[in-house]
>>> print(open('start24.cif').read())   # mmCIF, C-alpha atoms, pLDDT in the B column; chains and numbers go by the auth columns
data_entry
#
loop_
_atom_site.group_PDB
_atom_site.id
_atom_site.type_symbol
_atom_site.label_atom_id
_atom_site.label_comp_id
_atom_site.label_asym_id
_atom_site.label_seq_id
_atom_site.Cartn_x
_atom_site.Cartn_y
_atom_site.Cartn_z
_atom_site.B_iso_or_equiv
_atom_site.auth_seq_id
_atom_site.auth_asym_id
ATOM 1 C CA MET A 1 0.000 0.000 0.000 48.00 1 A
ATOM 2 C CA ARG A 2 1.449 3.323 -1.051 52.00 2 A
ATOM 3 C CA LEU A 3 0.403 6.140 1.277 50.00 3 A
ATOM 4 C CA PRO A 4 0.248 9.733 0.127 53.00 4 A
ATOM 5 C CA THR A 5 3.164 11.734 1.437 54.00 5 A
ATOM 6 C CA GLY A 6 2.965 15.044 3.210 51.00 6 A
ATOM 7 C CA LYS A 7 -0.162 17.069 3.771 51.00 7 A
ATOM 8 C CA MET A 8 -2.780 17.710 1.130 49.00 8 A
ATOM 9 C CA THR A 9 -5.600 20.174 1.150 48.00 9 A
ATOM 10 C CA ARG A 10 -9.139 19.157 2.021 47.00 10 A
ATOM 11 C CA ARG A 11 -9.994 19.570 -1.645 48.00 11 A
ATOM 12 C CA ALA A 12 -7.644 16.684 -2.462 47.00 12 A
ATOM 13 C CA VAL A 13 -9.801 14.349 -0.371 51.00 13 A
ATOM 14 C CA ALA A 14 -13.131 15.433 -1.890 56.00 14 A
ATOM 15 C CA GLY A 15 -15.123 13.374 -4.398 66.00 15 A
ATOM 16 C CA LYS A 16 -14.225 9.773 -5.157 70.00 16 A
ATOM 17 C CA PRO A 17 -11.510 9.553 -2.498 84.00 17 A
ATOM 18 C CA ALA A 18 -14.063 10.757 0.063 90.00 18 A
ATOM 19 C CA LEU A 19 -16.301 7.818 -0.877 92.00 19 A
ATOM 20 C CA ALA A 20 -13.375 5.450 -0.376 91.00 20 A
ATOM 21 C CA LEU A 21 -12.648 7.115 2.965 93.00 21 A
ATOM 22 C CA ALA A 22 -16.275 6.755 4.075 94.00 22 A
ATOM 23 C CA ALA A 23 -16.162 3.052 3.181 96.00 23 A
ATOM 24 C CA LEU A 24 -13.592 2.423 5.942 95.00 24 A
ATOM 25 C CA PRO A 25 -15.959 2.664 8.941 95.00 25 A
ATOM 26 C CA LEU A 26 -18.990 1.564 6.906 96.00 26 A
ATOM 27 C CA GLY A 27 -17.336 -1.752 6.019 96.00 27 A
ATOM 28 C CA PHE A 28 -16.645 -2.510 9.679 95.00 28 A
ATOM 29 C CA LEU A 29 -20.118 -1.379 10.702 94.00 29 A
ATOM 30 C CA ALA A 30 -21.648 -3.738 8.127 94.00 30 A
ATOM 31 C CA SER A 31 -19.451 -6.598 9.389 93.00 31 A
ATOM 32 C CA SER A 32 -20.439 -5.831 12.956 92.00 32 A
ATOM 33 C CA LEU A 33 -24.130 -5.895 12.093 90.00 33 A
ATOM 34 C CA ASP A 34 -23.658 -9.203 10.248 87.00 34 A
ATOM 35 C CA CYS A 35 -22.183 -10.814 13.304 83.00 35 A
ATOM 36 C CA MET A 36 -23.945 -9.242 16.299 85.00 36 A
ATOM 37 C CA GLY A 37 -26.951 -7.570 14.831 84.00 37 A
ATOM 38 C CA LEU A 38 -28.051 -4.515 16.765 87.00 38 A
ATOM 39 C CA SER A 39 -26.811 -5.750 20.155 87.00 39 A
ATOM 40 C CA VAL A 40 -24.062 -3.799 21.872 88.00 40 A
ATOM 41 C CA ALA A 41 -22.255 -6.818 23.292 87.00 41 A
ATOM 42 C CA GLY A 42 -20.637 -9.471 21.159 86.00 42 A
ATOM 43 C CA CYS A 43 -20.015 -13.135 21.891 86.00 43 A
ATOM 44 C CA SER A 44 -16.624 -12.363 23.489 90.00 44 A
ATOM 45 C CA ARG A 45 -14.862 -9.436 25.139 92.00 45 A
ATOM 46 C CA VAL A 46 -12.639 -8.959 22.082 92.00 46 A
ATOM 47 C CA CYS A 47 -15.685 -8.873 19.821 90.00 47 A
ATOM 48 C CA THR A 48 -17.319 -6.233 22.011 92.00 48 A
ATOM 49 C CA ALA A 49 -14.077 -4.204 22.186 94.00 49 A
ATOM 50 C CA ILE A 50 -13.790 -4.217 18.400 93.00 50 A
ATOM 51 C CA LYS A 51 -17.353 -2.938 18.074 92.00 51 A
ATOM 52 C CA LEU A 52 -17.140 -0.328 20.826 94.00 52 A
ATOM 53 C CA VAL A 53 -13.506 0.821 20.543 95.00 53 A
ATOM 54 C CA VAL A 54 -11.764 -0.172 17.305 94.00 54 A
ATOM 55 C CA ILE A 55 -14.554 0.731 14.867 94.00 55 A
ATOM 56 C CA PRO A 56 -15.156 4.189 16.435 96.00 56 A
ATOM 57 C CA VAL A 57 -11.388 4.874 16.383 96.00 57 A
ATOM 58 C CA ILE A 58 -11.314 3.966 12.680 95.00 58 A
ATOM 59 C CA ALA A 59 -14.293 6.259 12.060 95.00 59 A
ATOM 60 C CA LEU A 60 -12.683 9.147 13.959 95.00 60 A
ATOM 61 C CA ALA A 61 -9.332 8.687 12.201 95.00 61 A
ATOM 62 C CA SER A 62 -11.109 8.622 8.830 93.00 62 A
ATOM 63 C CA ALA A 63 -12.963 11.838 9.672 93.00 63 A
ATOM 64 C CA ALA A 64 -9.726 13.441 10.851 93.00 64 A
ATOM 65 C CA TYR A 65 -7.997 12.413 7.621 91.00 65 A
ATOM 66 C CA PHE A 66 -10.843 13.984 5.644 89.00 66 A
ATOM 67 C CA ARG A 67 -10.181 17.287 7.413 89.00 67 A
ATOM 68 C CA THR A 68 -6.376 17.228 7.473 88.00 68 A
ATOM 69 C CA ALA A 69 -5.258 14.723 4.796 85.00 69 A
ATOM 70 C CA ASP A 70 -2.431 13.721 7.137 87.00 70 A
ATOM 71 C CA ALA A 71 -1.017 10.399 5.841 87.00 71 A
ATOM 72 C CA PRO A 72 -0.110 8.875 9.258 91.00 72 A
ATOM 73 C CA LEU A 73 -3.832 8.733 10.040 92.00 73 A
ATOM 74 C CA LEU A 74 -4.337 6.301 7.164 91.00 74 A
ATOM 75 C CA PHE A 75 -1.453 4.211 8.459 93.00 75 A
ATOM 76 C CA GLY A 76 -3.174 4.092 11.847 93.00 76 A
ATOM 77 C CA VAL A 77 -6.434 3.009 10.223 94.00 77 A
ATOM 78 C CA GLY A 78 -4.543 0.228 8.460 95.00 78 A
ATOM 79 C CA LEU A 79 -3.009 -0.947 11.738 95.00 79 A
ATOM 80 C CA PHE A 80 -6.344 -0.875 13.552 93.00 80 A
ATOM 81 C CA SER A 81 -7.890 -2.835 10.694 96.00 81 A
ATOM 82 C CA PHE A 82 -5.554 -5.726 11.449 97.00 82 A
ATOM 83 C CA VAL A 83 -6.791 -5.812 15.065 95.00 83 A
ATOM 84 C CA THR A 84 -10.139 -7.055 13.751 95.00 84 A
ATOM 85 C CA LEU A 85 -8.437 -10.237 12.503 95.00 85 A
ATOM 86 C CA ILE A 86 -7.630 -11.426 16.033 94.00 86 A
ATOM 87 C CA PRO A 87 -9.567 -14.686 16.480 94.00 87 A
ATOM 88 C CA HIS A 88 -12.415 -13.743 18.795 92.00 88 A
ATOM 89 C CA CYS A 89 -15.768 -15.138 17.638 91.00 89 A
ATOM 90 C CA MET A 90 -17.313 -18.081 19.450 91.00 90 A
ATOM 91 C CA CYS A 91 -20.473 -18.358 17.324 89.00 91 A
ATOM 92 C CA TYR A 92 -20.330 -21.813 15.758 91.00 92 A
ATOM 93 C CA ASN A 93 -21.709 -21.563 12.227 88.00 93 A
ATOM 94 C CA PRO A 94 -20.567 -22.678 8.740 89.00 94 A
ATOM 95 C CA GLY A 95 -18.239 -19.680 8.369 88.00 95 A
ATOM 96 C CA ASN A 96 -16.646 -19.983 11.800 92.00 96 A
ATOM 97 C CA GLY A 97 -16.710 -23.743 12.433 94.00 97 A
ATOM 98 C CA TRP A 98 -13.317 -24.659 10.985 96.00 98 A
ATOM 99 C CA TRP A 99 -11.608 -21.757 12.751 95.00 99 A
ATOM 100 C CA ILE A 100 -13.168 -22.561 16.116 95.00 100 A
ATOM 101 C CA ASP A 101 -12.276 -26.251 15.760 96.00 101 A
ATOM 102 C CA ASN A 102 -8.644 -25.424 14.960 96.00 102 A
ATOM 103 C CA LEU A 103 -7.940 -22.150 16.808 95.00 103 A
ATOM 104 C CA GLY A 104 -10.609 -22.034 19.474 94.00 104 A
ATOM 105 C CA ALA A 105 -12.077 -18.817 18.042 94.00 105 A
ATOM 106 C CA SER A 106 -12.748 -17.362 14.615 95.00 106 A
ATOM 107 C CA PRO A 107 -11.400 -14.208 12.932 94.00 107 A
ATOM 108 C CA VAL A 108 -14.047 -14.310 10.183 93.00 108 A
ATOM 109 C CA CYS A 109 -16.653 -11.913 11.616 91.00 109 A
ATOM 110 C CA TYR A 110 -14.868 -8.747 10.516 94.00 110 A
ATOM 111 C CA VAL A 111 -13.232 -10.098 7.373 94.00 111 A
ATOM 112 C CA TRP A 112 -15.532 -8.096 5.056 95.00 112 A
ATOM 113 C CA GLY A 113 -14.732 -4.879 6.897 96.00 113 A
ATOM 114 C CA PHE A 114 -11.048 -5.751 6.735 97.00 114 A
ATOM 115 C CA MET A 115 -11.247 -6.340 2.977 97.00 115 A
ATOM 116 C CA VAL A 116 -13.059 -3.034 2.466 97.00 116 A
ATOM 117 C CA SER A 117 -10.395 -1.248 4.510 97.00 117 A
ATOM 118 C CA MET A 118 -7.523 -2.740 2.506 96.00 118 A
ATOM 119 C CA ILE A 119 -9.192 -1.898 -0.821 95.00 119 A
ATOM 120 C CA ALA A 120 -10.122 1.636 0.295 94.00 120 A
ATOM 121 C CA LEU A 121 -6.677 2.340 1.749 94.00 121 A
ATOM 122 C CA GLY A 122 -5.085 1.097 -1.457 91.00 122 A
ATOM 123 C CA ALA A 123 -7.351 3.384 -3.483 90.00 123 A
ATOM 124 C CA LEU A 124 -6.480 6.366 -1.306 88.00 124 A
ATOM 125 C CA GLY A 125 -2.789 5.647 -1.845 80.00 125 A
ATOM 126 C CA ASP A 126 -3.117 5.210 -5.618 74.00 126 A
ATOM 127 C CA ARG A 127 -5.494 7.846 -6.960 69.00 127 A
ATOM 128 C CA GLY A 128 -5.659 6.249 -10.421 71.00 128 A
ATOM 129 C CA ARG A 129 -7.893 3.363 -9.367 74.00 129 A
ATOM 130 C CA VAL A 130 -10.345 5.049 -7.047 86.00 130 A
ATOM 131 C CA TRP A 131 -13.612 4.449 -8.936 88.00 131 A
ATOM 132 C CA GLY A 132 -13.119 0.712 -9.309 91.00 132 A
ATOM 133 C CA SER A 133 -12.160 0.416 -5.663 93.00 133 A
ATOM 134 C CA VAL A 134 -15.156 2.475 -4.542 93.00 134 A
ATOM 135 C CA VAL A 135 -17.501 0.225 -6.550 95.00 135 A
ATOM 136 C CA VAL A 136 -15.996 -2.932 -5.037 96.00 136 A
ATOM 137 C CA CYS A 137 -16.063 -1.496 -1.494 96.00 137 A
ATOM 138 C CA TYR A 138 -19.710 -0.521 -1.691 97.00 138 A
ATOM 139 C CA ALA A 139 -20.655 -3.836 -3.334 97.00 139 A
ATOM 140 C CA ILE A 140 -19.122 -5.587 -0.318 97.00 140 A
ATOM 141 C CA ILE A 141 -20.908 -3.239 2.101 97.00 141 A
ATOM 142 C CA ILE A 142 -24.267 -3.734 0.345 96.00 142 A
ATOM 143 C CA GLY A 143 -23.717 -7.502 0.361 95.00 143 A
ATOM 144 C CA ALA A 144 -22.878 -7.487 4.065 94.00 144 A
ATOM 145 C CA MET A 145 -25.920 -5.346 4.872 94.00 145 A
ATOM 146 C CA SER A 146 -28.098 -7.703 2.817 94.00 146 A
ATOM 147 C CA PHE A 147 -26.736 -10.639 4.805 92.00 147 A
ATOM 148 C CA PHE A 148 -27.441 -8.752 8.056 92.00 148 A
ATOM 149 C CA LEU A 149 -31.075 -8.231 7.090 91.00 149 A
ATOM 150 C CA ALA A 150 -31.541 -11.772 5.786 92.00 150 A
ATOM 151 C CA HIS A 151 -29.748 -13.435 8.709 85.00 151 A
ATOM 152 C CA HIS A 152 -31.129 -11.452 11.632 82.00 152 A
ATOM 153 C CA TYR A 153 -34.662 -10.785 10.415 87.00 153 A
ATOM 154 C CA LEU A 154 -35.454 -13.590 7.975 88.00 154 A
ATOM 155 C CA HIS A 155 -33.218 -16.249 9.611 82.00 155 A
ATOM 156 C CA PHE A 156 -31.582 -17.065 6.290 80.00 156 A
ATOM 157 C CA PRO A 157 -29.287 -18.921 5.631 77.00 157 A
ATOM 158 C CA TRP A 158 -29.030 -20.186 9.226 69.00 158 A
#
>>> encode(input="start24.cif", output="structure tokens")
Amino acid sequence: MRLPTGKMTRRAVAGKPALALAALPLGFLASSLDCMGLSVAGCSRVCTAIKLVVIPVIALASAAYFRTADAPLLFGVGLFSFVTLIPHCMCYNPGNGWWIDNLGASPVCYVWGFMVSMIALGALGDRGRVWGSVVVCYAIIIGAMSFFLAHHYLHFPW
């Protein structure tokens, strides 16, 4: 991932890059809703900490980057994104089963948010591919939100 160097003006973050920037917290929010629904607490302390601490920090850092365009903020978002891959989920389902059997917990719950963050951060670092990245990020977010609605309200697929 190539990060922009130095400070840019707010104008440099407007438009398509702003959509990529907004995808960062939205991807994790969608992943959180997939896993826990609207409840505040998750199935483990780590899961709850990700929802209540890590995701808000990512959202605040993204908002701060929008105002200042300070590259270290994006680096921080990237680091915090990796925190969501700590195996933490105890919900035994088809997506988590193998992980729980082999590691004792699953890192899969926030994988869609993590993927969105890596794609969006890559797009912010390489301005030539922003539109394609924005489309992919929001396709993932829409898919995750669709799963949230289907899973928690229609009890599909499990």
>>> closest_residue(input="start24.cif", among="A:Tyr153, A:Tyr65, A:Val54, A:Cys35", to="A:Val83", atoms="all atoms listed in the file")
A:Val54
>>> residues_around(input="start24.cif", residues="stretch 104-107 of chain A", least_positions_apart="5", cutoff="9 Å", atoms="all atoms listed in the file", output="list in words")
Thr84, Leu85, Ile86, Pro87, His88, Cys89, Met90, Cys91, Tyr92, Gly95, Asn96, Gly97, Trp98 and Trp99 of chain A
>>> atom_distance(input="start24.cif", atom1="atom CA of A:Leu26", atom2="atom CA of A:Asn93")
23.9 Å
>>> atom_distance(input="start24.cif", atom1="atom CA of A:Trp131", atom2="atom CA of A:Leu60")
23.4 Å
>>> resolve_selection(input="start24.cif", expression="the PyMOL selection byres ((chain A and resi 111) around 10)", output="ChimeraX atom specification")
/A:27-28,31,81-82,84-85,107-110,112-117
>>> atom_distance(input="start24.cif", atom1="atom CA of A:Val134", atom2="atom CA of A:Ala22")
9.7 Å
>>> closest_residue(input="start24.cif", among="A:Val46, A:Leu124, A:Leu38, A:Leu21", to="A:Leu149", atoms="only C-alpha atoms")
A:Leu38
>>> closest_residue(input="start24.cif", among="A:Asp34, A:Gly42, A:Pro17, A:Ala23", to="A:Ala144", atoms="only C-alpha atoms")
A:Asp34
>>> resolve_selection(input="start24.cif", expression="the PyMOL selection byres ((chain A and resi 75) around 12)", output="VMD selection string")
chain A and resid 1 to 5 58 61 to 62 65 69 to 74 76 to 82 117 to 118 121 to 122 124 to 125
>>> resolve_selection(input="start24.cif", expression="the PyMOL selection byres ((chain A and resi 137) around 8)", output="PDB file with C-alpha atoms, keeping the file's coordinate frame")
ATOM      1  CA  ALA A  20     -13.375   5.450  -0.376  1.00 91.00           C
ATOM      2  CA  ALA A  23     -16.162   3.052   3.181  1.00 96.00           C
ATOM      3  CA  GLY A  27     -17.336  -1.752   6.019  1.00 96.00           C
ATOM      4  CA  VAL A 116     -13.059  -3.034   2.466  1.00 97.00           C
ATOM      5  CA  ILE A 119      -9.192  -1.898  -0.821  1.00 95.00           C
ATOM      6  CA  ALA A 120     -10.122   1.636   0.295  1.00 94.00           C
ATOM      7  CA  SER A 133     -12.160   0.416  -5.663  1.00 93.00           C
ATOM      8  CA  VAL A 134     -15.156   2.475  -4.542  1.00 93.00           C
ATOM      9  CA  VAL A 135     -17.501   0.225  -6.550  1.00 95.00           C
ATOM     10  CA  VAL A 136     -15.996  -2.932  -5.037  1.00 96.00           C
ATOM     11  CA  TYR A 138     -19.710  -0.521  -1.691  1.00 97.00           C
ATOM     12  CA  ALA A 139     -20.655  -3.836  -3.334  1.00 97.00           C
ATOM     13  CA  ILE A 140     -19.122  -5.587  -0.318  1.00 97.00           C
ATOM     14  CA  ILE A 141     -20.908  -3.239   2.101  1.00 97.00           C
TER      15      ILE A 141
END
>>> closest_residue(input="start24.cif", among="A:Cys43, A:Ile50, A:Ala63, A:Val130", to="A:Leu29", atoms="all atoms listed in the file")
A:Ile50
